[in-house]
Amino acid sequence: MTARPDRPVSPADRAAFDRDGVVCLRKVLTDTEITHLRDAVDRQLAGLGQTTTGYDFEDLARQIWHPARSMDTGAAERFDMQMMKDMILDDPEARPLRETDAFDAAGVFFYDAAAWKSDGGVRKVAFDSRLPEIAAELLDARYVNFWEDTTFVKGPHTRQKTAFHQDLAYFQISGTQCVVVWIALDPVTHDNGRIQYVRGSHRWGETYAPNVFVSQTPFRSSPERRCPDIESAPDAYDIVAFDVMPGDVIIHHVMTLHGSGGNRSDRWRRAMSLRYCGDQVRYFDRPGAIPQVGVAHDLRDGDRLLSADYPIVWPKPWPDLRLADVYECLGPGASSSET
Ligand SMILES: O=C(O)CCC(=O)C(=O)O
């Protein structure tokens, strides 16, 4: 069967997503769109230590495993890191999740979020690229809300892995009609920390507690169970990974377990992940979900995501409407970047 030209996803890709909980689509984003995201990530990275939302998890891991050192996260305040450190040190099953290669630990595992709130280039990609329609197709959704962006950068020689986890319990949502689009902004291979997905885990019917990425320690505030220790027995799981080039996207179901290696190469691994929800998703102030950045809504449990914090990005009211331009006109002091 060949793809209908008006469909954004081929039947084979759609079948792979349904079966595996993850699919890699090639050459989805344009060079201009990749440049928008790289510019945003480079700006976030330059703000490390001064912004309230950027963290270096590589450095945090070093501080966590040295009980005598107190936590220093610069101006970042999204998480109570001292509490997380205590939580990890109290966890008898916690251990460092780091590559063991012998190189100087000079790396950085940078994490930030919600660039779309201040960056017009990110909005152009999140709202007006091919991604919203692709998300609608994979989710069988009548309409699609944009939830948030998150940045994950692993600099050269970063030992820190990303602990396997499932995304659902990080988000204030109920329902599983949600996808995460992982966008490589540099070529990504096994050496520099490509993502690994546990094929079919979206169908296990389990919700797992969030962890703090540097250890499998679950958030105390989450009532959900601990994620299986996939790192200790990877061969027991059906793990799939994709080498990707900028422009390719990997889309996983919100229930699919995934993690990544460190960056053992001399190359950067910059990535941004964009999250989209379908019309069946409802707001849920989930215990243990991570606080969102700068949301102003007053949604209550069970509400549809009808809020400027979660723009409806598909379908478009009319073809070729650029929602990012609409946001520039209506949004709260939004800054612009040129196409
Ligand atoms: O890039 C990584 O290492 C982790 C990415 C991830 O967990 C996500 O996009 O949900």
# chains A, B, ... in the order shown; residues from 1 in each chain; ligands from 1

call {"tool": "residues_around", "arguments": {"residues": "segment 20-37 of chain A", "least_positions_apart": "3", "cutoff": "6 Å", "atoms": "only C-alpha atoms", "output": "VMD selection string"}}
result
chain A and resid 16 to 17 40 121 to 122 125 199 to 200 202 247 to 253 256

call {"tool": "select_by_dssp", "arguments": {"residues": "segment 84-262 of chain A", "states": "strand (DSSP E or B)", "output": "ChimeraX atom specification"}}
result
/A:98,109-113,144-154,158,160,162-165,173-174,178-184,188,195-198,208,211,218,225,239-241,244,246,248-253,258-260

call {"tool": "residues_around", "arguments": {"residues": "Gln292 of chain A", "least_positions_apart": "3", "cutoff": "9 Å", "atoms": "only C-alpha atoms", "output": "MDAnalysis selection string"}}
result
chainID A and resid 78 113:114 148 171:172 289 295

call {"tool": "write_last_selection", "arguments": {"atoms": "N, CA, C and O atoms", "output": "compact mmCIF listing (two decimals), in the first residue's frame"}}
result
# COMPACT_ATOMS: atom_id res chain seq x y z
N ARG A 78 13.39 25.78 39.32
CA ARG A 78 12.21 24.99 38.98
C ARG A 78 12.06 23.77 39.88
O ARG A 78 10.97 23.33 40.18
N ALA A 113 13.41 24.19 29.52
CA ALA A 113 12.03 23.97 29.04
C ALA A 113 11.36 25.28 28.69
O ALA A 113 11.82 26.37 29.07
N ALA A 114 10.25 25.14 27.95
CA ALA A 114 9.33 26.24 27.65
C ALA A 114 9.97 27.39 26.88
O ALA A 114 9.62 28.55 27.08
N GLU A 148 4.26 21.61 25.50
CA GLU A 148 5.48 22.29 25.96
C GLU A 148 6.66 21.78 25.16
O GLU A 148 6.59 20.73 24.53
N PHE A 171 3.59 14.86 33.28
CA PHE A 171 2.69 15.89 32.74
C PHE A 171 1.39 15.94 33.55
O PHE A 171 0.89 14.92 34.00
N GLN A 172 0.79 17.14 33.58
CA GLN A 172 -0.48 17.33 34.30
C GLN A 172 -1.63 16.97 33.36
O GLN A 172 -2.48 17.82 33.04
N ALA A 289 3.80 15.25 39.17
CA ALA A 289 4.16 15.81 37.86
C ALA A 289 5.11 17.00 38.08
O ALA A 289 5.04 17.67 39.11
N VAL A 295 2.94 28.90 33.50
CA VAL A 295 1.55 28.73 33.07
C VAL A 295 0.64 29.63 33.90
O VAL A 295 0.87 29.83 35.10

call {"tool": "residues_near_ligand", "arguments": {"ligand": "ligand 1", "cutoff": "10 Å", "atoms": "only C-alpha atoms and all ligand atoms", "output": "number ranges by chain"}}
result
A: 109-111, 149-154, 160-168, 170, 179-184, 193-197, 213, 250-254, 256-263, 269-275

call {"tool": "closest_residue", "arguments": {"among": "A:Val41, A:Glu58, A:Pro96, A:Thr53", "to": "Ser232 of chain A", "atoms": "only C-alpha atoms"}}
result
A:Pro96

call {"tool": "select_by_dssp", "arguments": {"residues": "segment 51-289 of chain A", "states": "helix (DSSP H, G or I)", "output": "VMD selection string"}}
result
chain A and resid 57 to 64 81 to 89 115 to 117 120 to 128 131 to 139 168 to 170 190 to 192 201 to 203 230 to 232 234 to 236

call {"tool": "residues_around", "arguments": {"residues": "Gly47 of chain A", "least_positions_apart": "2", "cutoff": "12 Å", "atoms": "only C-alpha atoms", "output": "ChimeraX atom specification"}}
result
/A:40-45,49-56,74-76,110-112

call {"tool": "write_last_selection", "arguments": {"atoms": "all heavy atoms", "output": "compact mmCIF listing (two decimals), in the first residue's frame"}}
result
# COMPACT_ATOMS: atom_id res chain seq x y z
N ALA A 40 17.55 28.79 19.45
CA ALA A 40 16.88 28.83 20.76
C ALA A 40 17.69 28.05 21.79
O ALA A 40 17.90 28.51 22.93
CB ALA A 40 15.47 28.26 20.64
N VAL A 41 18.15 26.87 21.41
CA VAL A 41 18.90 26.02 22.35
C VAL A 41 20.23 26.70 22.71
O VAL A 41 20.63 26.71 23.89
CB VAL A 41 19.13 24.63 21.73
CG1 VAL A 41 20.16 23.84 22.51
CG2 VAL A 41 17.81 23.86 21.68
N ASP A 42 20.88 27.29 21.74
CA ASP A 42 22.16 27.95 22.03
C ASP A 42 21.96 29.12 22.98
O ASP A 42 22.77 29.37 23.87
CB ASP A 42 22.85 28.39 20.74
CG ASP A 42 23.35 27.18 19.93
OD1 ASP A 42 23.35 26.05 20.49
OD2 ASP A 42 23.73 27.35 18.75
N ARG A 43 20.83 29.81 22.82
CA ARG A 43 20.51 30.92 23.74
C ARG A 43 20.25 30.38 25.15
O ARG A 43 20.72 30.93 26.14
CB ARG A 43 19.26 31.66 23.24
CG ARG A 43 19.53 33.11 22.83
CD ARG A 43 18.26 33.89 22.59
NE ARG A 43 17.24 33.23 21.83
CZ ARG A 43 17.15 33.23 20.50
NH1 ARG A 43 18.08 33.85 19.78
NH2 ARG A 43 16.18 32.61 19.87
N GLN A 44 19.50 29.30 25.23
CA GLN A 44 19.22 28.71 26.55
C GLN A 44 20.53 28.29 27.23
O GLN A 44 20.75 28.54 28.41
CB GLN A 44 18.32 27.48 26.41
CG GLN A 44 16.86 27.77 26.06
CD GLN A 44 16.07 26.48 25.88
OE1 GLN A 44 16.51 25.54 25.23
NE2 GLN A 44 14.88 26.43 26.47
N LEU A 45 21.38 27.64 26.42
CA LEU A 45 22.66 27.14 26.95
C LEU A 45 23.53 28.29 27.47
O LEU A 45 24.15 28.18 28.53
CB LEU A 45 23.36 26.39 25.81
CG LEU A 45 24.36 25.29 26.08
CD1 LEU A 45 23.92 24.33 27.14
CD2 LEU A 45 24.64 24.56 24.76
N GLY A 49 22.98 28.91 34.53
CA GLY A 49 23.48 29.54 35.75
C GLY A 49 22.75 30.83 36.05
O GLY A 49 22.66 31.25 37.21
N GLN A 50 22.22 31.48 34.99
CA GLN A 50 21.52 32.76 35.22
C GLN A 50 20.01 32.66 35.06
O GLN A 50 19.28 33.52 35.52
CB GLN A 50 22.02 33.81 34.22
CG GLN A 50 23.46 34.25 34.43
CD GLN A 50 24.28 34.03 33.18
OE1 GLN A 50 23.89 34.48 32.11
NE2 GLN A 50 25.39 33.32 33.33
N THR A 51 19.52 31.64 34.36
CA THR A 51 18.08 31.54 34.16
C THR A 51 17.46 30.69 35.27
O THR A 51 18.16 29.92 35.96
CB THR A 51 17.73 30.90 32.80
OG1 THR A 51 18.17 29.54 32.81
CG2 THR A 51 18.39 31.65 31.65
N THR A 52 16.13 30.79 35.40
CA THR A 52 15.45 30.04 36.46
C THR A 52 15.11 28.61 36.04
O THR A 52 14.64 27.82 36.86
CB THR A 52 14.13 30.75 36.84
OG1 THR A 52 13.35 30.91 35.66
CG2 THR A 52 14.40 32.11 37.47
N THR A 53 15.34 28.29 34.76
CA THR A 53 14.85 26.99 34.26
C THR A 53 15.94 26.06 33.72
O THR A 53 15.64 24.91 33.43
CB THR A 53 13.83 27.23 33.13
OG1 THR A 53 14.44 28.07 32.15
CG2 THR A 53 12.56 27.89 33.65
N GLY A 54 17.17 26.55 33.57
CA GLY A 54 18.21 25.72 32.95
C GLY A 54 19.05 24.99 34.00
O GLY A 54 19.44 25.57 35.01
N TYR A 55 19.33 23.73 33.74
CA TYR A 55 20.11 22.91 34.67
C TYR A 55 21.20 22.13 33.92
O TYR A 55 20.99 21.73 32.77
CB TYR A 55 19.22 21.86 35.37
CG TYR A 55 18.26 22.47 36.36
CD1 TYR A 55 17.01 22.91 35.95
CD2 TYR A 55 18.61 22.60 37.70
CE1 TYR A 55 16.12 23.48 36.86
CE2 TYR A 55 17.73 23.16 38.62
CZ TYR A 55 16.49 23.61 38.19
OH TYR A 55 15.62 24.17 39.08
N ASP A 56 22.32 21.88 34.60
CA ASP A 56 23.32 20.95 34.08
C ASP A 56 23.24 19.69 34.94
O ASP A 56 23.77 19.65 36.05
CB ASP A 56 24.72 21.57 34.15
CG ASP A 56 25.80 20.57 33.73
OD1 ASP A 56 25.44 19.46 33.27
OD2 ASP A 56 26.99 20.90 33.88
N GLY A 74 22.88 27.62 40.58
CA GLY A 74 22.83 28.99 40.08
C GLY A 74 21.46 29.60 40.37
O GLY A 74 20.91 29.44 41.45
N ALA A 75 20.90 30.26 39.36
CA ALA A 75 19.60 30.93 39.54
C ALA A 75 18.42 29.99 39.30
O ALA A 75 17.27 30.40 39.45
CB ALA A 75 19.52 32.13 38.60
N ALA A 76 18.70 28.74 38.91
CA ALA A 76 17.61 27.83 38.56
C ALA A 76 16.77 27.50 39.79
O ALA A 76 17.30 27.22 40.86
CB ALA A 76 18.16 26.56 37.94
N PHE A 110 22.63 19.39 29.61
CA PHE A 110 21.82 20.59 29.82
C PHE A 110 20.35 20.29 29.60
O PHE A 110 19.97 19.63 28.63
CB PHE A 110 22.28 21.68 28.83
CG PHE A 110 21.47 22.93 28.91
CD1 PHE A 110 21.54 23.76 30.02
CD2 PHE A 110 20.62 23.30 27.88
CE1 PHE A 110 20.78 24.91 30.10
CE2 PHE A 110 19.86 24.45 27.95
CZ PHE A 110 19.95 25.26 29.07
N TYR A 111 19.54 20.81 30.50
CA TYR A 111 18.10 20.59 30.46
C TYR A 111 17.42 21.93 30.66
O TYR A 111 17.78 22.69 31.56
CB TYR A 111 17.72 19.63 31.60
CG TYR A 111 16.25 19.47 31.85
CD1 TYR A 111 15.52 18.46 31.22
CD2 TYR A 111 15.58 20.29 32.74
CE1 TYR A 111 14.16 18.31 31.47
CE2 TYR A 111 14.22 20.14 32.99
CZ TYR A 111 13.53 19.14 32.34
OH TYR A 111 12.19 18.98 32.59
N ASP A 112 16.45 22.23 29.81
CA ASP A 112 15.69 23.48 29.97
C ASP A 112 14.30 23.24 29.38
O ASP A 112 14.05 22.16 28.79
CB ASP A 112 16.40 24.64 29.26
CG ASP A 112 16.08 25.99 29.90
OD1 ASP A 112 15.01 26.14 30.53
OD2 ASP A 112 16.89 26.92 29.75

call {"tool": "closest_residue", "arguments": {"among": "A:Val9, A:Leu97, A:Val198, A:Met87", "to": "Leu131 of chain A", "atoms": "only C-alpha atoms"}}
result
A:Val9

call {"tool": "atom_distance", "arguments": {"atom1": "atom CA of Asp325 of chain A", "atom2": "atom CA of Ala308 of chain A"}}
result
14.6 Å

call {"tool": "closest_residue", "arguments": {"among": "A:Ala296, A:Glu133, A:Ala233, A:Arg286", "to": "Lys316 of chain A", "atoms": "only C-alpha atoms"}}
result
A:Glu133

call {"tool": "atom_distance", "arguments": {"atom1": "atom CA of Ile312 of chain A", "atom2": "atom CA of Phe127 of chain A"}}
result
8.5 Å
